[in-house]
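Enquirer: Data: query-v4.json, JSON, C-alpha atoms.
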```json
[["chain", "number", "residue", "atom", "x", "y", "z"],
["A", 30, "MET", "CA", 0.00, 0.00, 0.00],
["A", 31, "VAL", "CA", 2.86, 2.39, 0.79],
["A", 32, "PHE", "CA", 4.51, 1.65, -2.57],
["A", 33, "GLY", "CA", 1.23, 2.41, -4.34],
["A", 34, "ALA", "CA", 0.73, 5.64, -2.44],
["A", 35, "ILE", "CA", 4.27, 6.80, -3.26],
["A", 36, "VAL", "CA", 4.09, 5.94, -6.96],
["A", 37, "MET", "CA", 0.59, 7.26, -7.65],
["A", 38, "GLY", "CA", 1.10, 10.27, -5.37],
["A", 39, "THR", "CA", 4.19, 11.22, -7.36],
["A", 40, "VAL", "CA", 2.29, 10.87, -10.62],
["A", 41, "GLY", "CA", -0.49, 13.01, -9.13],
["A", 42, "VAL", "CA", 2.01, 15.72, -8.18],
["A", 43, "MET", "CA", 3.41, 15.73, -11.72],
["A", 44, "ILE", "CA", -0.06, 16.02, -13.23],
["A", 45, "GLY", "CA", -0.88, 18.81, -10.78],
["A", 46, "MET", "CA", 2.28, 20.69, -11.75],
["A", 47, "ILE", "CA", 1.30, 20.55, -15.40],
["A", 48, "MET", "CA", -2.28, 21.66, -14.70],
["A", 49, "GLY", "CA", -1.28, 24.55, -12.47],
["A", 50, "GLY", "CA", -0.32, 25.36, -8.90],
["A", 51, "ALA", "CA", -3.77, 25.24, -7.30],
["A", 52, "SER", "CA", -4.63, 21.78, -8.63],
["A", 53, "ALA", "CA", -1.37, 20.14, -7.46],
["A", 54, "PRO", "CA", -2.64, 19.28, -3.95],
["A", 55, "VAL", "CA", -5.90, 17.88, -5.34],
["A", 56, "ALA", "CA", -4.11, 15.75, -7.95],
["A", 57, "ALA", "CA", -1.60, 14.53, -5.35],
["A", 58, "GLY", "CA", -4.44, 13.59, -2.96],
["A", 59, "VAL", "CA", -6.31, 11.68, -5.65],
["A", 60, "GLY", "CA", -3.06, 9.92, -6.58],
["A", 61, "LEU", "CA", -2.42, 8.95, -2.97],
["A", 62, "VAL", "CA", -5.90, 7.51, -2.55],
["A", 63, "LEU", "CA", -5.80, 5.60, -5.84],
["A", 64, "GLY", "CA", -2.31, 4.29, -5.13],
["A", 65, "THR", "CA", -3.32, 3.07, -1.70],
["A", 66, "VAL", "CA", -6.36, 1.26, -3.09],
["A", 67, "VAL", "CA", -4.36, -0.35, -5.92],
["A", 68, "GLY", "CA", -1.64, -1.35, -3.47],
["A", 69, "PHE", "CA", -4.25, -2.82, -1.11],
["A", 70, "LEU", "CA", -5.68, -4.88, -3.98],
["A", 71, "GLY", "CA", -2.22, -6.28, -4.81],
["A", 72, "GLY", "CA", -1.29, -4.39, -7.98],
["A", 73, "ARG", "CA", 2.50, -4.49, -7.60],
["A", 74, "ARG", "CA", 3.18, -5.35, -11.24],
["A", 75, "PHE", "CA", 0.92, -2.47, -12.32],
["A", 76, "LEU", "CA", 2.59, 0.01, -9.97],
["A", 77, "SER", "CA", 6.07, -1.15, -10.98],
["A", 78, "SER", "CA", 5.24, -0.61, -14.65],
["A", 79, "ILE", "CA", 4.00, 2.91, -13.86],
["A", 80, "LEU", "CA", 7.19, 3.67, -11.95],
["A", 81, "LEU", "CA", 9.37, 2.35, -14.77],
["A", 82, "GLY", "CA", 7.37, 4.30, -17.36],
["A", 83, "THR", "CA", 7.68, 7.49, -15.31],
["A", 84, "VAL", "CA", 11.45, 7.22, -15.04],
["A", 85, "LEU", "CA", 11.98, 6.23, -18.68],
["A", 86, "GLY", "CA", 9.55, 8.85, -20.01],
["A", 87, "GLY", "CA", 11.11, 11.63, -17.93],
["A", 88, "GLY", "CA", 14.61, 10.60, -18.94],
["A", 89, "LEU", "CA", 13.73, 10.43, -22.62],
["A", 90, "ALA", "CA", 12.02, 13.83, -22.51],
["A", 91, "TRP", "CA", 15.06, 15.29, -20.77],
["A", 92, "LEU", "CA", 17.41, 13.93, -23.44],
["A", 93, "LEU", "CA", 15.23, 14.98, -26.38],
["A", 94, "ALA", "CA", 13.56, 18.22, -25.28],
["A", 95, "GLY", "CA", 15.45, 19.52, -22.25],
["A", 96, "ALA", "CA", 14.84, 19.80, -18.53],
["A", 97, "GLU", "CA", 11.67, 21.90, -18.85],
["A", 98, "LYS", "CA", 9.79, 18.97, -20.44],
["A", 99, "ILE", "CA", 10.68, 16.28, -17.89],
["A", 100, "SER", "CA", 7.30, 16.44, -16.15],
["A", 101, "VAL", "CA", 5.41, 16.07, -19.44],
["A", 102, "GLY", "CA", 7.53, 13.10, -20.48],
["A", 103, "ALA", "CA", 7.22, 11.50, -17.05],
["A", 104, "GLY", "CA", 3.43, 11.85, -17.12],
["A", 105, "ALA", "CA", 3.19, 10.38, -20.59],
["A", 106, "GLY", "CA", 5.59, 7.59, -19.62],
["A", 107, "ALA", "CA", 3.51, 6.79, -16.55],
["A", 108, "ALA", "CA", 0.37, 6.53, -18.67],
["A", 109, "MET", "CA", 2.08, 4.23, -21.17],
["A", 110, "GLY", "CA", 3.67, 2.21, -18.38],
["A", 111, "GLY", "CA", 0.27, 1.72, -16.75],
["A", 112, "PHE", "CA", -1.31, 0.65, -20.03],
["A", 113, "LEU", "CA", 1.48, -1.80, -20.81],
["A", 114, "GLY", "CA", 1.48, -3.07, -17.23],
["A", 115, "VAL", "CA", -2.20, -3.95, -17.39],
["A", 116, "GLN", "CA", -1.70, -5.75, -20.69],
["A", 117, "ALA", "CA", 1.34, -7.66, -19.43],
["A", 118, "SER", "CA", -0.49, -8.61, -16.23],
["A", 119, "MET", "CA", -3.45, -9.96, -18.21],
["A", 120, "LEU", "CA", -1.16, -12.00, -20.45],
["A", 121, "LEU", "CA", 0.75, -13.42, -17.48],
["A", 122, "ASP", "CA", -2.52, -14.36, -15.75],
["A", 123, "LEU", "CA", -3.77, -16.02, -18.95],
["A", 124, "ARG", "CA", -0.52, -17.98, -19.26],
["A", 125, "ALA", "CA", -0.75, -19.14, -15.63],
["A", 126, "ALA", "CA", -4.37, -20.24, -16.14],
["A", 127, "ARG", "CA", -3.45, -22.24, -19.25],
["A", 128, "LYS", "CA", -0.54, -23.83, -17.45],
["A", 129, "GLN", "CA", -2.80, -24.78, -14.53],
["A", 130, "ALA", "CA", -5.44, -26.22, -16.88],
["A", 131, "SER", "CA", -2.91, -28.38, -18.73],
["A", 132, "LYS", "CA", -1.72, -30.20, -15.60],
["A", 133, "PRO", "CA", -2.99, -33.80, -15.43],
["A", 134, "VAL", "CA", -5.51, -34.44, -12.70],
["A", 135, "ASP", "CA", -4.85, -37.45, -10.46],
["A", 136, "PRO", "CA", -7.91, -39.74, -10.19],
["A", 137, "PRO", "CA", -9.28, -40.23, -6.69],
["A", 138, "ALA", "CA", -8.06, -43.43, -5.03]]
```
Show this structure as structure tokens.

Expert:
Amino acid sequence: MVFGAIVMGTVGVMIGMIMGGASAPVAAGVGLVLGTVVGFLGGRRFLSSILLGTVLGGGLAWLLAGAEKISVGAGAGAAMGGFLGVQASMLLDLRAARKQASKPVDPPA
């Protein structure tokens, strides 16, 4: 839950910075609440993909457009990381279900 609150709270702060100074606390609060709920429900893969997307997106924006565009790149990277994380999680769950279904069942003795 703490990991979720940190990741989503950081994303909320970045979104609030882009939107303007007065909306930063609101966006950070919404991010904290959403992150806590996602963390409580066990979304570590999802939160890790958001964190990775944030770092990579911010770094890429810094290299390509300069320091003033880091927050925009980090926000876009977080959105892409979240999308890809959900897709990867669904595929991994599908793979685990297929693997479980293919195991032979022992007959009762």

Enquirer: Can you tell me how far atom CA of A:Ala130 sits from atom CA of A:Ala117, in Å to one decimal?

Expert: 19.9 Å

Enquirer: Which polymer residues have any atom within 12 Å of an atom of A:Ala108, counting only C-alpha atoms, with same-chain residues fewer than 4 positions away left out, as a list in words?

Expert: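 In the requested form, the answer reads Met37, Val40, Gly41, Met43, Ile44, Phe75, Leu76, Ser78, Ile79, Leu80, Leu81, Gly82, Thr83, Val84, Leu85, Gly86, Gly87, Val101, Gly102, Ala103, Gly104, Phe112, Leu113, Gly114 and Val115 of chain A.
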
Enquirer: For A:Ile35, please output as a list in words all residues within 9 Å (counting all atoms listed in the file; exclusion window: fewer than 5 positions along the same chain).

Expert: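 Answer for this query is Met30, Val40, Gly60, Leu61, Gly64 and Thr65 of chain A.
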
Enquirer: I need the chosen residues saved as a tab-separated table (two decimals), in the frame of the given file, with C-alpha atoms.

Expert:
```
chain	number	residue	atom	x	y	z
A	30	MET	CA	0.00	0.00	0.00
A	40	VAL	CA	2.29	10.87	-10.62
A	60	GLY	CA	-3.06	9.92	-6.58
A	61	LEU	CA	-2.42	8.95	-2.97
A	64	GLY	CA	-2.31	4.29	-5.13
A	65	THR	CA	-3.32	3.07	-1.70
```

Enquirer: Have a look at A:Ala105, A:Ala96, A:Val67, A:Met119 and name the one nearest to A:Ala34; count only C-alpha atoms.

Expert: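 For A:Ala34, the nearest of the candidates is A:Val67.
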
Enquirer: How many Å separate atom CA of A:Leu120 from atom CA of A:Ser77?

Expert: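 Straight-line distance from atom CA of A:Leu120 to atom CA of A:Ser77 works out to 16.1 Å.
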
Enquirer: Give me the residues near A:Val55 as a PyMOL selection string, where near means some atom within 8 Å (using all atoms listed in the file) and where sequence neighbours in that chain fewer than 4 positions away do not count.

Expert: chain A and resi 45+51+59

Enquirer: Can those selected residues be exported to a file as a compact mmCIF listing (two decimals), in the frame of the given file so that it contains C-alpha atoms?

Expert:
```txt
# COMPACT_ATOMS: atom_id res chain seq x y z
CA GLY A 45 -0.88 18.81 -10.78
CA ALA A 51 -3.77 25.24 -7.30
CA VAL A 59 -6.31 11.68 -5.65
```

Enquirer: Supply stretch 86-119 of chain A as a PDB file, keeping the file's coordinate frame, with N, CA and C atoms built in where the input has gaps.

Expert:
```
ATOM      1  N   GLY A  86      10.147   7.738 -19.286  1.00  0.00           N
ATOM      2  CA  GLY A  86       9.550   8.850 -20.010  1.00  0.00           C
ATOM      3  C   GLY A  86      10.183  10.180 -19.648  1.00  0.00           C
ATOM      4  N   GLY A  87      10.437  10.397 -18.362  1.00  0.00           N
ATOM      5  CA  GLY A  87      11.110  11.630 -17.930  1.00  0.00           C
ATOM      6  C   GLY A  87      12.520  11.717 -18.458  1.00  0.00           C
ATOM      7  N   GLY A  88      13.239  10.609 -18.418  1.00  0.00           N
ATOM      8  CA  GLY A  88      14.610  10.600 -18.940  1.00  0.00           C
ATOM      9  C   GLY A  88      14.668  10.845 -20.442  1.00  0.00           C
ATOM     10  N   LEU A  89      13.760  10.235 -21.169  1.00  0.00           N
ATOM     11  CA  LEU A  89      13.730  10.430 -22.620  1.00  0.00           C
ATOM     12  C   LEU A  89      13.364  11.865 -22.981  1.00  0.00           C
ATOM     13  N   ALA A  90      12.396  12.428 -22.265  1.00  0.00           N
ATOM     14  CA  ALA A  90      12.020  13.830 -22.510  1.00  0.00           C
ATOM     15  C   ALA A  90      13.182  14.758 -22.187  1.00  0.00           C
ATOM     16  N   TRP A  91      13.916  14.460 -21.142  1.00  0.00           N
ATOM     17  CA  TRP A  91      15.060  15.290 -20.770  1.00  0.00           C
ATOM     18  C   TRP A  91      16.128  15.246 -21.869  1.00  0.00           C
ATOM     19  N   LEU A  92      16.397  14.052 -22.388  1.00  0.00           N
ATOM     20  CA  LEU A  92      17.410  13.930 -23.440  1.00  0.00           C
ATOM     21  C   LEU A  92      16.970  14.601 -24.745  1.00  0.00           C
ATOM     22  N   LEU A  93      15.691  14.473 -25.095  1.00  0.00           N
ATOM     23  CA  LEU A  93      15.230  14.980 -26.380  1.00  0.00           C
ATOM     24  C   LEU A  93      14.788  16.439 -26.363  1.00  0.00           C
ATOM     25  N   ALA A  94      14.166  16.885 -25.271  1.00  0.00           N
ATOM     26  CA  ALA A  94      13.560  18.220 -25.280  1.00  0.00           C
ATOM     27  C   ALA A  94      14.100  19.156 -24.203  1.00  0.00           C
ATOM     28  N   GLY A  95      14.897  18.664 -23.291  1.00  0.00           N
ATOM     29  CA  GLY A  95      15.450  19.520 -22.250  1.00  0.00           C
ATOM     30  C   GLY A  95      14.739  19.344 -20.922  1.00  0.00           C
ATOM     31  N   ALA A  96      15.311  19.978 -19.902  1.00  0.00           N
ATOM     32  CA  ALA A  96      14.840  19.800 -18.530  1.00  0.00           C
ATOM     33  C   ALA A  96      13.427  20.332 -18.301  1.00  0.00           C
ATOM     34  N   GLU A  97      13.003  21.316 -19.074  1.00  0.00           N
ATOM     35  CA  GLU A  97      11.670  21.900 -18.850  1.00  0.00           C
ATOM     36  C   GLU A  97      10.538  20.951 -19.262  1.00  0.00           C
ATOM     37  N   LYS A  98      10.824  19.911 -19.990  1.00  0.00           N
ATOM     38  CA  LYS A  98       9.790  18.970 -20.440  1.00  0.00           C
ATOM     39  C   LYS A  98       9.820  17.629 -19.708  1.00  0.00           C
ATOM     40  N   ILE A  99      10.585  17.543 -18.623  1.00  0.00           N
ATOM     41  CA  ILE A  99      10.680  16.280 -17.890  1.00  0.00           C
ATOM     42  C   ILE A  99       9.325  15.864 -17.332  1.00  0.00           C
ATOM     43  N   SER A 100       8.579  16.806 -16.762  1.00  0.00           N
ATOM     44  CA  SER A 100       7.300  16.440 -16.150  1.00  0.00           C
ATOM     45  C   SER A 100       6.291  15.940 -17.188  1.00  0.00           C
ATOM     46  N   VAL A 101       6.314  16.527 -18.377  1.00  0.00           N
ATOM     47  CA  VAL A 101       5.410  16.070 -19.440  1.00  0.00           C
ATOM     48  C   VAL A 101       5.789  14.662 -19.885  1.00  0.00           C
ATOM     49  N   GLY A 102       7.069  14.425 -20.077  1.00  0.00           N
ATOM     50  CA  GLY A 102       7.530  13.100 -20.480  1.00  0.00           C
ATOM     51  C   GLY A 102       7.280  12.050 -19.403  1.00  0.00           C
ATOM     52  N   ALA A 103       7.458  12.441 -18.140  1.00  0.00           N
ATOM     53  CA  ALA A 103       7.220  11.500 -17.050  1.00  0.00           C
ATOM     54  C   ALA A 103       5.737  11.151 -16.957  1.00  0.00           C
ATOM     55  N   GLY A 104       4.864  12.125 -17.145  1.00  0.00           N
ATOM     56  CA  GLY A 104       3.430  11.850 -17.120  1.00  0.00           C
ATOM     57  C   GLY A 104       2.995  10.947 -18.250  1.00  0.00           C
ATOM     58  N   ALA A 105       3.518  11.224 -19.448  1.00  0.00           N
ATOM     59  CA  ALA A 105       3.190  10.380 -20.590  1.00  0.00           C
ATOM     60  C   ALA A 105       3.769   8.977 -20.414  1.00  0.00           C
ATOM     61  N   GLY A 106       4.978   8.896 -19.875  1.00  0.00           N
ATOM     62  CA  GLY A 106       5.590   7.590 -19.620  1.00  0.00           C
ATOM     63  C   GLY A 106       4.823   6.789 -18.585  1.00  0.00           C
ATOM     64  N   ALA A 107       4.304   7.476 -17.569  1.00  0.00           N
ATOM     65  CA  ALA A 107       3.510   6.790 -16.550  1.00  0.00           C
ATOM     66  C   ALA A 107       2.223   6.228 -17.150  1.00  0.00           C
ATOM     67  N   ALA A 108       1.599   7.006 -18.023  1.00  0.00           N
ATOM     68  CA  ALA A 108       0.370   6.530 -18.670  1.00  0.00           C
ATOM     69  C   ALA A 108       0.660   5.312 -19.546  1.00  0.00           C
ATOM     70  N   MET A 109       1.724   5.376 -20.326  1.00  0.00           N
ATOM     71  CA  MET A 109       2.080   4.230 -21.170  1.00  0.00           C
ATOM     72  C   MET A 109       2.507   3.038 -20.332  1.00  0.00           C
ATOM     73  N   GLY A 110       3.256   3.296 -19.261  1.00  0.00           N
ATOM     74  CA  GLY A 110       3.670   2.210 -18.380  1.00  0.00           C
ATOM     75  C   GLY A 110       2.474   1.521 -17.736  1.00  0.00           C
ATOM     76  N   GLY A 111       1.482   2.304 -17.329  1.00  0.00           N
ATOM     77  CA  GLY A 111       0.270   1.720 -16.750  1.00  0.00           C
ATOM     78  C   GLY A 111      -0.485   0.878 -17.755  1.00  0.00           C
ATOM     79  N   PHE A 112      -0.613   1.393 -18.973  1.00  0.00           N
ATOM     80  CA  PHE A 112      -1.310   0.650 -20.030  1.00  0.00           C
ATOM     81  C   PHE A 112      -0.585  -0.665 -20.316  1.00  0.00           C
ATOM     82  N   LEU A 113       0.721  -0.589 -20.503  1.00  0.00           N
ATOM     83  CA  LEU A 113       1.480  -1.800 -20.810  1.00  0.00           C
ATOM     84  C   LEU A 113       1.511  -2.758 -19.624  1.00  0.00           C
ATOM     85  N   GLY A 114       1.514  -2.214 -18.412  1.00  0.00           N
ATOM     86  CA  GLY A 114       1.480  -3.070 -17.230  1.00  0.00           C
ATOM     87  C   GLY A 114       0.204  -3.867 -17.115  1.00  0.00           C
ATOM     88  N   VAL A 115      -0.913  -3.239 -17.426  1.00  0.00           N
ATOM     89  CA  VAL A 115      -2.200  -3.950 -17.390  1.00  0.00           C
ATOM     90  C   VAL A 115      -2.208  -5.052 -18.441  1.00  0.00           C
ATOM     91  N   GLN A 116      -1.729  -4.738 -19.632  1.00  0.00           N
ATOM     92  CA  GLN A 116      -1.700  -5.750 -20.690  1.00  0.00           C
ATOM     93  C   GLN A 116      -0.785  -6.909 -20.333  1.00  0.00           C
ATOM     94  N   ALA A 117       0.400  -6.607 -19.813  1.00  0.00           N
ATOM     95  CA  ALA A 117       1.340  -7.660 -19.430  1.00  0.00           C
ATOM     96  C   ALA A 117       0.766  -8.511 -18.299  1.00  0.00           C
ATOM     97  N   SER A 118       0.111  -7.874 -17.342  1.00  0.00           N
ATOM     98  CA  SER A 118      -0.490  -8.610 -16.230  1.00  0.00           C
ATOM     99  C   SER A 118      -1.583  -9.560 -16.726  1.00  0.00           C
ATOM    100  N   MET A 119      -2.401  -9.093 -17.657  1.00  0.00           N
ATOM    101  CA  MET A 119      -3.450  -9.960 -18.210  1.00  0.00           C
ATOM    102  C   MET A 119      -2.844 -11.137 -18.947  1.00  0.00           C
TER     103      MET A 119
END
```
